[in-house]
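A quick write-up on the structure given underneath.
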Amino acid sequence: MAEEVLLFGVWGSPFSRRVEMALKLKGVEYKYMEEDITNKSPALLKYNPIHKKIPVLVHNGKPIAESQVILEYIDETWQGYSLLPKDPYQRAVARFWAKFIDDKCLQPVFKACWGEEKDREKAAEEATELLKFLEEELKEKRFFGGESIGMVDIVASIIAFWLGVFEEASGVKLLTTEKFPKLCNWAHEFVSNGVIKENLPPRDKLIAYFRNRFGGANASK
Amino acid sequence: MADEVVLLDFWPSMFGMRVRVALAEKGIKYESKEDDLWNKSDLLLKMNPVHKKIPVLIHNGKPVCESLIIVQYIDEVWNDKSPLLPSDPYHRAHAKFWADFVDQKVYGPARKLWAINGEEQEAAKKDFLEIYKTLERELGDKPYFGGEKFGLVDIALITFYSWFYVYETFGKFNMETECPKIIAWAKRCMQKESVAKSLPDQKKIYESVLDLRKIRGLE
């Protein structure tokens with residue numbers, strides 16, 4: 001039976017791009033459906049009635065939502081490249097860091113770049129403390145996944161790429177080589193990887209988008 | 001080599017309870033260490049430096065943090081009995097989606113039902129009931145969220161049941177009236193020894209909350 005894999009996403013979203021990275025690393029063929037989140041398609045609402053959000057992966061008609069749930073599904077369904085380690089303890093550690101990035105880091109990072117003036121310094125301090133944990137976790141590894149890119153690296157693409165976009169668009173600097181030499185090195189290696197590079201949104205287009213959407217307060221910078 | 005399993009816990013925590021249930025389902029012997037959240041132990045700070053929170057499972061000296069991550073770890077290590085997740089990847093994803101839904105949605109409004117007064121509490125009550133009604137629809141006529149078998153989503157949600165007397169009393173509603181299928185499901189789960197022995201009595205939780213509310217100046 002022919003396999004059908006659909007992915008509902010948005011071109012600039014780190015959450016749908018991470019699913020694309022996983023699919024590409026696994027060599028899975030899929031059909032991409034670009035969503036307009038200001039005018040959600042009936043298909044999206046049908047496949048994700050609970051959250052009504054992208055990304056949604058639809059595999060042979062069956063939908064899966066929530067990016068980290070999708071990543072684990074991809075890893076379990078298609079063999080070959082491994083996104084998660086096989087050892088249960090290492091898997092628990094990977095899940096911990098993936099959750100840490102999404103649950104804890106994103107809000108302060110966003111607030112530091114785009115929040116109200118009065119909130120930005122505090123958010124930047126918070127973001128810096130959190131990024132320090134990631135810097136420490138990297139240790140001497142090439143990637144969070146070890147020698148090769150894994151689920152944590154893919155989730156952390158938001159730091160490797162999107163954070164740089166936020167910084168350029170907002171003028172706020174968080175990820176400096178002085179404070180985060182390992183993280184900066186990792187980010188460079190990550191975005192230079194062939195498969196990853198092909199699956200990142202166009203940087204200039206993304207910078208313009210963020211400047212336009214959130215940059216009103218930063219007009220003077 | 002004998003396994004050494006330690007759980008850093010706090011008796012009224014619905015997150016700690018999830019791990020107790022999982023360990024009991026698997027019949028794992030462990031040492032429970034009660035942490036005082038207002039005076040965190042050195043062990044907790046060493047084992048969970050990032051969040052400084054319970055529960056933490058320490059297996060042969062190595063810490064695992066975050067309750068649902070711990071439950072999945074337990075399922076993967078002690079995989080010889082009582083699977084907590086289905087074997088099919090799609091059904092596993094479905095379970096993880098709903099466990100994540102519980103984690104994202106329930107705690108916030110639930111806490112506001114007793115920790116604050118006024119308008120925000122009213123809004124929280126509306127949210128809380130809406131979320132539980134969504135969960136009730138997902139449960140449908142199944143005995144458990146996992147279908148025939150008790151599993152991850154049941155574990156994620158059942159622990160809030162021990163707080164129901166608190167929510168009902170301060171929120172001024174009755175869960176049996178609002179979500180009868182949820183109550184029926186909860187009572188079914190409580191028939192299981194692993195659940196019954198892991199959840200404190202609802203009245204005991206209520207008494208500890210009364211103390212907390214006094215400290216917060218709400219009484």
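Going by the structure tokens order, chains are called A, B, ..., each with residues numbered from 1, while ligands are numbered from 1 in the order shown.
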Exercise for review: Could you give me, as a list in words, the residues within 8 Å of Pro86 in chain B, counting only C-alpha atoms and dropping anything in the same chain fewer than 4 positions from it?
Suggested key: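 Residues meeting the cut-off are His91, Arg92 and Gly146 of chain B.
Contacts from chain B to chain A at a cut-off of 8 Å (only C-alpha atoms) map to Val50, Val64, Cys65, Glu66, Ile69, Ile70, Gln72, Tyr73, Glu76, Val77, Pro89, Tyr90, Arg92, Ala93, His94, Lys96 and Phe97 of chain B.
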Review point. Closest to Phe128 in chain B among B:Lys142, B:Phe160, B:Glu31, B:Asp9, using only C-alpha atoms?
Key: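 Smallest separation from Phe128 in chain B among the options: B:Phe160.
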**Study point:** Backbone-only DSSP, strand (DSSP E) members of chain A, as JSON, numbers by chain
**Key:** {"A": [5, 6, 7, 8, 9, 31, 32, 33, 34, 56, 57, 58, 59, 62, 63, 64, 65]}
Practice item. Write out as a list in words which residues come within 10 Å of range 16-19 of chain A when counting only C-alpha atoms, dropping same-chain ones fewer than 5 positions away. Key: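 That gives Leu7, Phe8, Gly9, Val10, Trp11, Lys24, Leu25, Glu34, Ile54, Pro55, Val56, Leu57, Glu66, Ser67, Gln68, Ile70, Leu71, Ile74, Met151, Asp153, Ile154, Val155, Ala156, Ser157, Ile158, Ile196, Asn199, Leu200 and Pro201 of chain A.
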Exercise for review: Find the distance between CA of Glu119 in chain B and CA of Asp103 in chain B and write it in Å to one decimal.
Suggested key: 23.9 Å
